[in-house]
Amino acid sequence: MGAAREHGIIDALNTAGTQALADTAYQGGGPAVRVPQRRRRRDPDIGRYRRLSRSQKDVNTAHARRRGPGERANAEIKNWKILRKIRASPSRADTLVKAVQTLILAS
């Protein structure tokens, strides 16, 4: 979250009104950053965390389904070491990454 704020990514998303799915580390990122429901605070009576309701679990499941393909594509890019071995112009790296992500998501 700190790096995203430092580089202006969070502000850019909120200004543009673009929706982004993120993990719970991006809590408080504004209306444009969608995060899953977090586990509730400790219950002082029983000393344990309160469980999420069924609807909150359903929201988290839907959130994970939408984030999953992008996470897998990013993991594949890291696994293939594409960005470390790139021999093209660095200014064209984003085009290469987009193409690889498209191919991974399409398969």
# chains A, B, ... in the order shown; residues from 1 in each chain; ligands from 1
call {"tool": "residues_around", "arguments": {"residues": "stretch 72-87 of chain A", "least_positions_apart": "6", "cutoff": "7 Å", "atoms": "only C-alpha atoms", "output": "VMD selection string"}}
result
chain A and resid 101 104 to 105
call {"tool": "closest_residue", "arguments": {"among": "A:Ala64, A:Ala93, A:Val59, A:Ala106", "to": "A:Leu21", "atoms": "only C-alpha atoms"}}
result
A:Ala64
call {"tool": "atom_distance", "arguments": {"atom1": "atom CA of A:Thr61", "atom2": "atom CA of A:Ser107"}}
result
22.4 Å
call {"tool": "select_by_dssp", "arguments": {"residues": "chain A", "states": "helix (DSSP H, G or I)", "output": "ChimeraX atom specification"}}
result
/A:2-6,9-16,24-26,54-80,82-85,90-106
call {"tool": "write_last_selection", "arguments": {"atoms": "C-alpha atoms", "output": "compact mmCIF listing (two decimals), in the first residue's frame"}}
result
# COMPACT_ATOMS: atom_id res chain seq x y z
CA GLY A 2 2.87 2.33 0.81
CA ALA A 3 4.53 1.84 -2.58
CA ALA A 4 1.20 2.21 -4.40
CA ARG A 5 0.54 5.48 -2.58
CA GLU A 6 4.10 6.73 -3.10
CA ILE A 9 -1.35 4.53 -8.16
CA ILE A 10 -4.09 4.79 -5.53
CA ASP A 11 -4.77 8.46 -6.30
CA ALA A 12 -4.81 7.75 -10.05
CA LEU A 13 -7.35 4.94 -9.61
CA ASN A 14 -9.61 7.08 -7.44
CA THR A 15 -9.35 10.08 -9.78
CA ALA A 16 -10.09 8.01 -12.89
CA THR A 24 -6.68 -6.89 2.38
CA ALA A 25 -3.36 -5.03 2.54
CA TYR A 26 -4.98 -2.29 0.45
CA ARG A 54 -22.50 -16.25 5.22
CA SER A 55 -23.05 -13.23 2.95
CA GLN A 56 -19.58 -11.85 3.81
CA LYS A 57 -18.05 -15.22 2.93
CA ASP A 58 -19.95 -15.19 -0.37
CA VAL A 59 -18.57 -11.71 -1.13
CA ASN A 60 -15.04 -12.94 -0.40
CA THR A 61 -15.55 -15.97 -2.65
CA ALA A 62 -16.73 -13.80 -5.54
CA HIS A 63 -13.81 -11.41 -4.96
CA ALA A 64 -11.30 -14.28 -5.05
CA ARG A 65 -12.81 -15.66 -8.27
CA ARG A 66 -12.36 -12.31 -10.00
CA ARG A 67 -8.80 -11.83 -8.72
CA GLY A 68 -7.64 -15.38 -9.35
CA PRO A 69 -6.90 -15.26 -13.10
CA GLY A 70 -4.84 -12.08 -12.79
CA GLU A 71 -2.89 -13.48 -9.86
CA ARG A 72 -2.13 -16.66 -11.82
CA ALA A 73 -1.01 -14.65 -14.86
CA ASN A 74 1.32 -12.54 -12.72
CA ALA A 75 2.74 -15.66 -11.07
CA GLU A 76 3.40 -17.18 -14.51
CA ILE A 77 5.22 -14.04 -15.64
CA LYS A 78 7.42 -14.24 -12.55
CA ASN A 79 7.96 -17.96 -13.08
CA TRP A 80 9.02 -17.45 -16.71
CA ILE A 82 10.29 -12.60 -18.53
CA LEU A 83 11.11 -9.27 -16.99
CA ARG A 84 14.62 -10.34 -15.97
CA LYS A 85 15.52 -11.71 -19.36
CA PRO A 90 12.40 -1.30 -21.66
CA SER A 91 9.74 1.10 -22.93
CA ARG A 92 8.11 -1.86 -24.75
CA ALA A 93 8.06 -4.16 -21.70
CA ASP A 94 4.48 -3.20 -20.84
CA THR A 95 3.31 -4.39 -24.27
CA LEU A 96 5.08 -7.70 -23.79
CA VAL A 97 3.56 -8.19 -20.33
CA LYS A 98 0.06 -7.36 -21.61
CA ALA A 99 0.45 -9.83 -24.47
CA VAL A 100 1.63 -12.62 -22.17
CA GLN A 101 -1.19 -11.95 -19.69
CA THR A 102 -3.73 -12.05 -22.51
CA LEU A 103 -2.37 -15.37 -23.75
CA ILE A 104 -2.40 -16.85 -20.25
CA LEU A 105 -5.94 -15.64 -19.50
CA ALA A 106 -7.21 -16.86 -22.87
call {"tool": "select_by_dssp", "arguments": {"residues": "stretch 31-105 of chain A", "states": "strand (DSSP E or B)", "output": "NGL selection string"}}
result
:A and (33-34 or 42 or 49)
